[in-house]
Each structure stands twice: as structure tokens, then as C-alpha cells.
Amino acid sequence: MAWRFALTIDPAAPGDPRGSFAETFTVIDPAAPALSVGELSTQRGDGIFESIGVVDGHPQEVAAHLERLVHSARICDLPEPHVGQWREAVAAAAAACGPGESVVKLILSRGVEHGPAPTAWVTAAPAADFAAVRERGVRVVTLDRGYALDVPARAPWLLLGAKTLSYAVNMAALREAKRRGADDAIFTTSDGFVLEAPTASLILRRGDTFVTPAPHGGILRGTTQVSLFAHLEEQGFATAYATIAVSDLATVDAAWLVSSVRLAAPITAVDGVALPMDAAFTAAINEYLLSPRD
Ligand code: PLP
């Protein structure tokens, strides 16, 4: 991995009035070891993160990402991140990105075992080249996430809806999708509703209406999906949040997986059944997603 930049953050309390937090950042060598062996992010995946797309040095949708970071911290009982401090850290990382597409990652972990404070750091790296996948699309399979639609509300300790560092299950789902001859997966509930992909939100098109699974707590509130819905509404399209049955997937006019770095990947097949794909419309969506967005 050709890292571009990394810094560690000494987390400030939410009300800290400082105008600049530069003194709380330590720029580190991104290729050198930096974490304690007692770090709970590595021992238990106990922490949260965000991945922000950066295009030609412009970090996209920073406010929405920081809002979700704060939301994830609340769900996980982590100290509330100081939004101004993290915004400044994102700006420093984005400034190191240069032209083209990059990814800035924000990580807030519970810290070192028995230690006094959380550990926080930010990295910047070049993004993978997703041009072909944006054009060609992805074949997906539906995979059972193993819980019913009402579980997130009944069992908040499962941390569903937080963007935690525990992505081993998400990565296992991607491997299972590949074993089944697909490129990606859509998680479903045990009672037959669609949720999200392991690293993306799902958007379906029916006529001039775009629909995404309701953020009932079991899925992440996708910053790309929210941004795209605002853009589509400006274009005169209708958008909606809904409870979507797995059986509905076969009847849509088009569908996409959307996320901050890969952007919009059109879905070409679900469980081996082909879906219609609109190449020109998908290209227009990705042009919007690549334009500077705040
Ligand atoms: N859902 C999951 C599980 C994800 O990991 C991601 C992105 O990483 C998303 C949805 C999409 O979120 P965003 O559009 O903010 O990247």
C-alpha cells in the first residue's frame, strides 16, 4: 500500500474552544509501526472508523462523515469526537493527497488496554482504480445477515448501525460472494428484507423513483446515498426510504451499490438473475459523485 500520510490525534473534549488543533496532531511515518501491542482496535476490533473519498485533494461530504463518526461513537460508548478537531485532521490529510482519487480514513479506538484515553488516527492513501467496476457493474448474491428486521432495536449491544472496526463478517461475506461466482453481496434479514452490502448502500430504481432500505438501525446511513438522493431530487426524481422485501429485487428497473470510494457500481445480476443496467445514467451519477461535494 502506497500510503501518502498519517497523523495521530490527541482527542479533544467536545466543548474545547480552541480555534486550531494543530498542536494535538502528530504527523507520523505511515509505513512505520505506530500502535501499541495493547491496542484494543487490533485485539478486539473495538473502535469505529470512516472512509472519506478525496477527489483532486477535495474531501467529499466531510460533515456527513463526521456526523456518522459521532453517531457511531455514541452507539459504542466511546468519548464523543470533537468535530472541529477531526475536520482539521481531515483537511491536513486531504492536503497531502494530490491529484486523482484518494481515501482518507479516520479511526477512533477504545485505546490501549487499561490505558487512560482512546487512540485516534487519520491516514491518506491512493484509492484503488474503480473505473472499470463503475462501468461494467457487479453481480451480487443475497446473503442472510442472521437477524430479523427488529433486532437492532431489541439488542443495541450488537452495535448494528455503528461503523465499527469489526469488519471480519463483512469481509467473509465478500469471500462467500466470490465463492458463489459473484462480485459482491447484499445482506438480508432472516425474515426476508434487504439491508445493505458489506461495504456499500443499496439504491433501487423503479420508474422515476429511487428507493433505499430505511435506516432502522440495522444498517449504516450511507453518506453517498444521502448525497445522491439530494442530487436526484434536484433533478426532479422522487426518493424514498422503505422496507424492501428480498423478492422485490427481481422487479426493479435498475439498482446500484453506492459508497464513498467506489462510488456507484451498477448491479447487473442478483442471485444469477440479470438486472437491467443504464450505462449512460450510471455514468452521469458517477460524474456527480466525482464532482466536489460538501
Ligand atoms: N454500508 C456499509 C456496511 C459500509 O461499509 C459502507 C461504506 O463503507 C456503506 C454502507 C456506504 O457508506 P458511505 O456511502 O458513507 O461510504
# chains A, B, ... in the order shown; residues from 1 in each chain; ligands from 1
>>> select_by_dssp(residues="segment 71-235 of chain A", states="strand (DSSP E)", output="JSON, numbers by chain")
{"A": [101, 102, 103, 104, 105, 106, 107, 108, 109, 119, 120, 121, 122, 123, 124, 125, 126, 138, 139, 140, 141, 142, 143, 144, 184, 185, 186, 187, 188, 201, 202, 203, 204, 205, 206, 209, 210, 211, 212, 213]}
>>> closest_atom_pairs(of="chain A", to="ligand 1", cutoff="10 Å", atoms="only C-alpha atoms and all ligand atoms", output="CSV")
residue,atom,partner,partner_atom_place_in_ligand_line,distance
A:Phe49,CA,ligand 1,8 (O),9.3
A:Glu50,CA,ligand 1,8 (O),7.4
A:Ser51,CA,ligand 1,8 (O),6.5
A:Ile52,CA,ligand 1,16 (O),7.1
A:Gly53,CA,ligand 1,16 (O),8.0
A:Gln60,CA,ligand 1,15 (O),10.0
A:Glu61,CA,ligand 1,15 (O),8.7
A:Val62,CA,ligand 1,15 (O),10.0
A:Ala64,CA,ligand 1,15 (O),7.9
A:His65,CA,ligand 1,15 (O),6.6
A:Arg68,CA,ligand 1,15 (O),8.3
A:Leu160,CA,ligand 1,3 (C),9.8
A:Gly161,CA,ligand 1,3 (C),8.6
A:Ala162,CA,ligand 1,3 (C),9.1
A:Lys163,CA,ligand 1,5 (O),7.0
A:Thr164,CA,ligand 1,5 (O),9.1
A:Leu165,CA,ligand 1,5 (O),9.9
A:Tyr167,CA,ligand 1,5 (O),8.2
A:Asn170,CA,ligand 1,3 (C),7.3
A:Ile186,CA,ligand 1,3 (C),10.0
A:Phe187,CA,ligand 1,3 (C),9.3
A:Leu195,CA,ligand 1,1 (N),8.8
A:Glu196,CA,ligand 1,1 (N),5.7
A:Ala197,CA,ligand 1,3 (C),5.9
A:Pro198,CA,ligand 1,3 (C),4.6
A:Thr199,CA,ligand 1,5 (O),3.3
A:Ala200,CA,ligand 1,9 (C),3.6
A:Ser201,CA,ligand 1,10 (C),4.2
A:Leu202,CA,ligand 1,10 (C),7.9
A:Gly218,CA,ligand 1,3 (C),9.7
A:Ile219,CA,ligand 1,1 (N),6.3
A:Leu220,CA,ligand 1,1 (N),5.0
A:Arg221,CA,ligand 1,12 (O),6.6
A:Gly222,CA,ligand 1,12 (O),3.7
A:Thr223,CA,ligand 1,15 (O),3.7
A:Thr224,CA,ligand 1,14 (O),3.7
A:Gln225,CA,ligand 1,14 (O),5.8
A:Val226,CA,ligand 1,14 (O),7.8
A:Ser227,CA,ligand 1,14 (O),8.5
A:Leu228,CA,ligand 1,14 (O),9.5
A:Leu257,CA,ligand 1,11 (C),8.4
A:Val258,CA,ligand 1,14 (O),5.9
A:Ser259,CA,ligand 1,14 (O),3.6
A:Ser260,CA,ligand 1,16 (O),3.7
A:Val261,CA,ligand 1,16 (O),6.7
A:Arg262,CA,ligand 1,16 (O),8.4
A:Leu263,CA,ligand 1,14 (O),7.7
A:Ala264,CA,ligand 1,14 (O),9.5
>>> closest_residue(among="A:Leu35, A:Ala280, A:Leu106, A:Val252", to="Val70 of chain A", atoms="only C-alpha atoms")
A:Leu106
>>> residues_around(residues="Arg175 of chain A", least_positions_apart="3", cutoff="12 Å", atoms="only C-alpha atoms", output="list in words")
Val140, Val141, Leu143, Ala168, Val169, Asn170, Met171, Ala172, Lys178, Arg179, Arg180, Gly181, Ala182, Asp183, Asp184, Ala185 and Pro198 of chain A
>>> atom_distance(atom1="atom CA of Val83 of chain A", atom2="atom CA of Thr239 of chain A")
29.1 Å
>>> residues_around(residues="Ala265 of chain A", least_positions_apart="5", cutoff="10 Å", atoms="only C-alpha atoms", output="list in words")
Phe130, Ala131, Ala132, Val133, Arg134, Glu135, Arg136, Gly137, Val138, Arg139, Ala200, Leu202, Ala255, Trp256, Leu257, Val258, Ser259, Thr282, Ala283, Ile285 and Asn286 of chain A
>>> closest_residue(among="A:Gly47, A:Gly192, A:Gly236, A:Pro213", to="Ala73 of chain A", atoms="only C-alpha atoms")
A:Gly47
>>> residues_around(residues="segment 241-244 of chain A", least_positions_apart="2", cutoff="10 Å", atoms="only C-alpha atoms", output="mmCIF file with N, CA and C atoms, in the first residue's frame")
data_model
loop_
_atom_site.group_PDB
_atom_site.id
_atom_site.type_symbol
_atom_site.label_atom_id
_atom_site.label_comp_id
_atom_site.auth_asym_id
_atom_site.auth_seq_id
_atom_site.Cartn_x
_atom_site.Cartn_y
_atom_site.Cartn_z
ATOM 1 N N LEU A 149 -35.495 -8.103 11.177
ATOM 2 C CA LEU A 149 -35.508 -6.648 10.989
ATOM 3 C C LEU A 149 -35.621 -5.880 12.312
ATOM 4 N N THR A 188 -29.303 -9.737 3.797
ATOM 5 C CA THR A 188 -30.750 -9.760 4.010
ATOM 6 C C THR A 188 -31.021 -10.138 5.462
ATOM 7 N N GLY A 192 -36.450 -11.886 5.674
ATOM 8 C CA GLY A 192 -36.690 -11.665 4.246
ATOM 9 C C GLY A 192 -36.673 -10.232 3.739
ATOM 10 N N PHE A 193 -35.922 -9.337 4.395
ATOM 11 C CA PHE A 193 -35.820 -7.958 3.912
ATOM 12 C C PHE A 193 -34.371 -7.632 3.552
ATOM 13 N N VAL A 194 -34.203 -6.687 2.633
ATOM 14 C CA VAL A 194 -32.838 -6.344 2.227
ATOM 15 C C VAL A 194 -32.277 -5.259 3.144
ATOM 16 N N LEU A 195 -30.963 -5.317 3.353
ATOM 17 C CA LEU A 195 -30.301 -4.382 4.268
ATOM 18 C C LEU A 195 -29.333 -3.489 3.484
ATOM 19 N N ILE A 203 -29.240 1.113 -3.622
ATOM 20 C CA ILE A 203 -30.276 2.008 -4.168
ATOM 21 C C ILE A 203 -30.969 1.282 -5.316
ATOM 22 N N LEU A 204 -32.299 1.299 -5.290
ATOM 23 C CA LEU A 204 -33.097 0.656 -6.335
ATOM 24 C C LEU A 204 -33.870 1.721 -7.111
ATOM 25 N N PHE A 210 -36.464 6.503 -6.720
ATOM 26 C CA PHE A 210 -35.273 5.802 -6.207
ATOM 27 C C PHE A 210 -35.519 5.465 -4.735
ATOM 28 N N VAL A 211 -35.265 4.221 -4.387
ATOM 29 C CA VAL A 211 -35.597 3.733 -3.043
ATOM 30 C C VAL A 211 -34.364 3.091 -2.411
ATOM 31 N N THR A 212 -34.238 3.272 -1.100
ATOM 32 C CA THR A 212 -33.153 2.608 -0.361
ATOM 33 C C THR A 212 -33.744 2.036 0.929
ATOM 34 N N PRO A 213 -33.171 0.958 1.467
ATOM 35 C CA PRO A 213 -33.710 0.417 2.724
ATOM 36 C C PRO A 213 -33.700 1.469 3.837
ATOM 37 N N ALA A 214 -34.788 1.523 4.588
ATOM 38 C CA ALA A 214 -34.921 2.515 5.662
ATOM 39 C C ALA A 214 -33.820 2.317 6.700
ATOM 40 N N PRO A 215 -33.233 3.434 7.160
ATOM 41 C CA PRO A 215 -32.181 3.301 8.195
ATOM 42 C C PRO A 215 -32.808 3.059 9.559
ATOM 43 N N HIS A 216 -33.244 1.826 9.803
ATOM 44 C CA HIS A 216 -33.949 1.476 11.046
ATOM 45 C C HIS A 216 -32.969 1.094 12.145
ATOM 46 N N THR A 239 -37.552 10.255 -4.280
ATOM 47 C CA THR A 239 -36.717 9.333 -3.500
ATOM 48 C C THR A 239 -37.507 8.868 -2.280
ATOM 49 N N VAL A 246 -36.889 -9.061 -0.082
ATOM 50 C CA VAL A 246 -35.883 -9.638 -0.986
ATOM 51 C C VAL A 246 -36.502 -9.913 -2.360
ATOM 52 N N SER A 247 -37.752 -10.347 -2.373
ATOM 53 C CA SER A 247 -38.415 -10.681 -3.645
ATOM 54 C C SER A 247 -38.582 -9.451 -4.543
ATOM 55 N N ASP A 248 -38.535 -8.238 -3.950
ATOM 56 C CA ASP A 248 -38.668 -7.005 -4.756
ATOM 57 C C ASP A 248 -37.449 -6.785 -5.665
ATOM 58 N N LEU A 249 -36.316 -7.376 -5.306
ATOM 59 C CA LEU A 249 -35.078 -7.088 -6.050
ATOM 60 C C LEU A 249 -35.192 -7.474 -7.527
#
>>> atom_distance(atom1="atom CA of Trp86 of chain A", atom2="atom CA of Ala153 of chain A")
29.2 Å
>>> closest_residue(among="A:Val55, A:Ala91, A:Ala13, A:Ile75", to="Ala155 of chain A", atoms="only C-alpha atoms")
A:Ile75
>>> select_by_dssp(residues="segment 54-139 of chain A", states="alpha helix (DSSP H)", output="number ranges by chain")
A: 62-75, 83-95, 131-136
>>> atom_distance(atom1="atom CA of Pro292 of chain A", atom2="atom CA of Pro59 of chain A")
7.9 Å
>>> closest_residue(among="A:Ala117, A:Ala254, A:Leu158, A:Ala177", to="Phe281 of chain A", atoms="only C-alpha atoms")
A:Ala254
>>> closest_residue(among="A:Thr268, A:Glu101, A:Ala230, A:Leu275", to="Tyr288 of chain A", atoms="only C-alpha atoms")
A:Ala230
>>> residues_around(residues="Asp56 of chain A", least_positions_apart="6", cutoff="10 Å", atoms="only C-alpha atoms", output="PyMOL selection string")
chain A and resi 94-95+97-102+290-292
